[in-house]
Amino acid sequence: MFMQVLNRYTFSSIALVSFTLCLAAELKKTKKDDLVFNGKLCYLPRSSSFELGITGLICLSITQVTGSLFIYREFSPGEKFTVTRSLLVLSWIGFGVAVVLLSAASSMNQSQAFGEGWLDGECYLVKDGVYIGSAILTLLALGSTLGSGIIAVRKNKAEETQGSLVHAKIDK
């Protein structure tokens, strides 16, 4: 029991670090004032948002994989599609969208040299709210994974309790 609480605490802490890093990346992203344009070519300097976004992505990936492994361990063999699995699927969808947003936004915050740019030689800025959207999706993934894990653990404990009651009646 103690290990389950410790695992949930550690898992939640890493996800909250990812959330915080996404918010920090939003504040540190490259701004329009940083753009240098010489009439034909553009230049954007590297932003610390790149490192913050990548670190947030790593933390999010760690929590998603470890949380899912914990939940899969709790599944009963032959269990049908339930609320537990629905929440886990929702968690993976939120995770997937957050990964795409964080990867693209962080990639845009690398240095974009004159004539190179991010795509087709043009400079691109990350729109406002992209990192905040990733932060919200991080919380969605965390909540869904925790909810799925709590339901799976409670269901297994209920089955164990019910099984021990049946054994107690048989033994009498």
# chains A, B, ... in the order shown; residues from 1 in each chain; ligands from 1
call {"tool": "residues_around", "arguments": {"residues": "stretch 52-55 of chain A", "least_positions_apart": "4", "cutoff": "7 Å", "atoms": "only C-alpha atoms", "output": "ChimeraX atom specification"}}
result
/A:21-22,25,48,59,102,106
call {"tool": "closest_residue", "arguments": {"among": "A:Leu101, A:Leu142, A:Ala135, A:Leu87", "to": "A:Leu23", "atoms": "only C-alpha atoms"}}
result
A:Ala135
call {"tool": "residues_around", "arguments": {"residues": "A:Ile93", "least_positions_apart": "3", "cutoff": "12 Å", "atoms": "only C-alpha atoms", "output": "ChimeraX atom specification"}}
result
/A:64,86-90,96-100,137-138,140-142,144-145
call {"tool": "atom_distance", "arguments": {"atom1": "atom CA of A:Gly149", "atom2": "atom CA of A:Ile71"}}
result
5.2 Å
call {"tool": "decode", "arguments": {"residues": "stretch 2-149 of chain A", "atoms": "C-alpha atoms", "output": "compact mmCIF listing (two decimals), in the first residue's frame"}}
result
# COMPACT_ATOMS: atom_id res chain seq x y z
CA PHE A 2 2.81 2.40 0.91
CA MET A 3 4.53 1.77 -2.44
CA GLN A 4 1.31 2.55 -4.34
CA VAL A 5 1.01 5.93 -2.60
CA LEU A 6 4.71 6.61 -3.18
CA ASN A 7 4.39 5.65 -6.86
CA ARG A 8 1.36 7.93 -7.32
CA TYR A 9 3.16 10.77 -5.55
CA THR A 10 6.32 10.39 -7.65
CA PHE A 11 4.29 9.95 -10.83
CA SER A 12 2.20 13.06 -10.07
CA SER A 13 5.27 15.11 -9.15
CA ILE A 14 7.01 14.39 -12.46
CA ALA A 15 3.81 15.25 -14.37
CA LEU A 16 3.52 18.53 -12.46
CA VAL A 17 7.14 19.31 -13.35
CA SER A 18 6.19 18.77 -17.00
CA PHE A 19 3.18 21.09 -16.54
CA THR A 20 5.39 23.78 -14.98
CA LEU A 21 8.00 23.45 -17.73
CA CYS A 22 5.28 23.94 -20.37
CA LEU A 23 4.15 27.14 -18.66
CA ALA A 24 7.74 28.38 -18.40
CA ALA A 25 8.30 27.60 -22.08
CA GLU A 26 5.27 29.74 -22.95
CA LEU A 27 6.83 32.68 -21.12
CA LYS A 28 10.29 32.19 -22.67
CA LYS A 29 9.31 31.47 -26.28
CA THR A 30 10.65 33.57 -29.12
CA LYS A 31 8.71 36.81 -29.53
CA LYS A 32 8.00 38.89 -32.62
CA ASP A 33 10.47 41.50 -31.32
CA ASP A 34 13.26 38.89 -31.53
CA LEU A 35 12.69 38.47 -35.28
CA VAL A 36 15.34 40.08 -37.49
CA PHE A 37 14.17 40.70 -41.05
CA ASN A 38 16.41 42.26 -43.71
CA GLY A 39 13.75 42.64 -46.39
CA LYS A 40 14.16 39.18 -47.86
CA LEU A 41 15.55 36.84 -45.22
CA CYS A 42 14.74 36.39 -41.56
CA TYR A 43 16.60 35.30 -38.46
CA LEU A 44 15.35 34.10 -35.08
CA PRO A 45 17.69 33.43 -32.15
CA ARG A 46 17.47 30.25 -30.10
CA SER A 47 15.13 30.50 -27.16
CA SER A 48 15.40 28.79 -23.78
CA SER A 49 11.88 27.62 -24.58
CA PHE A 50 13.50 24.88 -26.69
CA GLU A 51 15.19 23.25 -23.67
CA LEU A 52 12.15 23.77 -21.45
CA GLY A 53 9.84 22.17 -24.01
CA ILE A 54 12.10 19.17 -24.60
CA THR A 55 12.55 18.61 -20.86
CA GLY A 56 8.78 18.88 -20.38
CA LEU A 57 8.32 16.36 -23.18
CA ILE A 58 10.73 13.93 -21.50
CA CYS A 59 8.97 14.28 -18.12
CA LEU A 60 5.57 13.78 -19.77
CA SER A 61 6.82 10.67 -21.57
CA ILE A 62 8.23 9.20 -18.34
CA THR A 63 4.95 9.69 -16.50
CA GLN A 64 2.82 8.33 -19.33
CA VAL A 65 4.86 5.16 -19.79
CA THR A 66 5.35 4.40 -16.09
CA GLY A 67 1.73 5.15 -15.28
CA SER A 68 0.51 2.90 -18.06
CA LEU A 69 2.82 0.07 -17.01
CA PHE A 70 1.49 0.30 -13.45
CA ILE A 71 -2.11 0.18 -14.70
CA TYR A 72 -1.47 -2.73 -17.09
CA ARG A 73 -0.06 -4.64 -14.14
CA GLU A 74 -3.36 -4.14 -12.32
CA PHE A 75 -5.59 -5.33 -15.20
CA SER A 76 -7.29 -8.67 -14.81
CA PRO A 77 -6.75 -11.11 -17.67
CA GLY A 78 -9.74 -11.18 -19.99
CA GLU A 79 -11.09 -7.87 -18.68
CA LYS A 80 -13.35 -6.22 -21.23
CA PHE A 81 -13.35 -2.57 -22.30
CA THR A 82 -14.19 -0.72 -19.10
CA VAL A 83 -13.97 2.72 -17.55
CA THR A 84 -10.39 1.90 -16.58
CA ARG A 85 -9.40 1.24 -20.17
CA SER A 86 -11.43 4.20 -21.45
CA LEU A 87 -9.55 6.55 -19.13
CA LEU A 88 -6.26 5.00 -20.19
CA VAL A 89 -7.12 5.53 -23.87
CA LEU A 90 -8.09 9.15 -23.13
CA SER A 91 -4.76 9.55 -21.36
CA TRP A 92 -2.84 8.28 -24.40
CA ILE A 93 -4.80 10.55 -26.75
CA GLY A 94 -4.00 13.59 -24.59
CA PHE A 95 -0.39 12.47 -24.40
CA GLY A 96 -0.15 12.07 -28.19
CA VAL A 97 -1.54 15.53 -28.91
CA ALA A 98 0.71 17.08 -26.24
CA VAL A 99 3.76 15.37 -27.77
CA VAL A 100 2.94 16.79 -31.21
CA LEU A 101 2.40 20.30 -29.83
CA LEU A 102 5.51 20.27 -27.64
CA SER A 103 7.72 18.79 -30.36
CA ALA A 104 6.64 21.26 -33.03
CA ALA A 105 6.71 24.29 -30.74
CA SER A 106 10.09 23.39 -29.28
CA SER A 107 11.48 22.76 -32.75
CA MET A 108 10.39 26.25 -33.80
CA ASN A 109 12.28 27.77 -30.86
CA GLN A 110 15.63 26.55 -32.11
CA SER A 111 17.80 29.08 -33.89
CA GLN A 112 16.45 29.90 -37.35
CA ALA A 113 19.35 31.30 -39.38
CA PHE A 114 19.11 33.72 -42.33
CA GLY A 115 17.77 31.84 -45.32
CA GLU A 116 17.22 28.60 -43.44
CA GLY A 117 14.21 29.24 -41.25
CA TRP A 118 12.11 26.49 -39.75
CA LEU A 119 10.31 25.36 -42.87
CA ASP A 120 10.95 26.28 -46.52
CA GLY A 121 13.48 28.94 -45.50
CA GLU A 122 10.85 30.99 -43.68
CA CYS A 123 10.87 31.89 -40.00
CA TYR A 124 7.97 30.76 -37.87
CA LEU A 125 6.93 31.88 -34.41
CA VAL A 126 5.04 29.69 -31.97
CA LYS A 127 1.50 31.00 -31.53
CA ASP A 128 0.38 32.13 -28.10
CA GLY A 129 -1.14 29.36 -26.06
CA VAL A 130 0.51 26.36 -27.72
CA TYR A 131 2.64 25.56 -24.67
CA ILE A 132 -0.32 26.32 -22.38
CA GLY A 133 -2.40 23.85 -24.40
CA SER A 134 0.34 21.28 -23.90
CA ALA A 135 0.31 22.00 -20.17
CA ILE A 136 -3.46 21.44 -20.03
CA LEU A 137 -3.12 18.20 -22.00
CA THR A 138 -0.42 17.12 -19.54
CA LEU A 139 -2.90 17.57 -16.70
CA LEU A 140 -5.55 15.70 -18.70
CA ALA A 141 -3.17 12.78 -19.23
CA LEU A 142 -2.20 12.83 -15.55
CA GLY A 143 -5.80 12.89 -14.34
CA SER A 144 -6.90 10.16 -16.73
CA THR A 145 -3.98 7.92 -15.83
CA LEU A 146 -4.47 8.45 -12.10
CA GLY A 147 -8.21 7.84 -12.42
CA SER A 148 -7.61 4.68 -14.39
CA GLY A 149 -5.05 3.46 -11.85
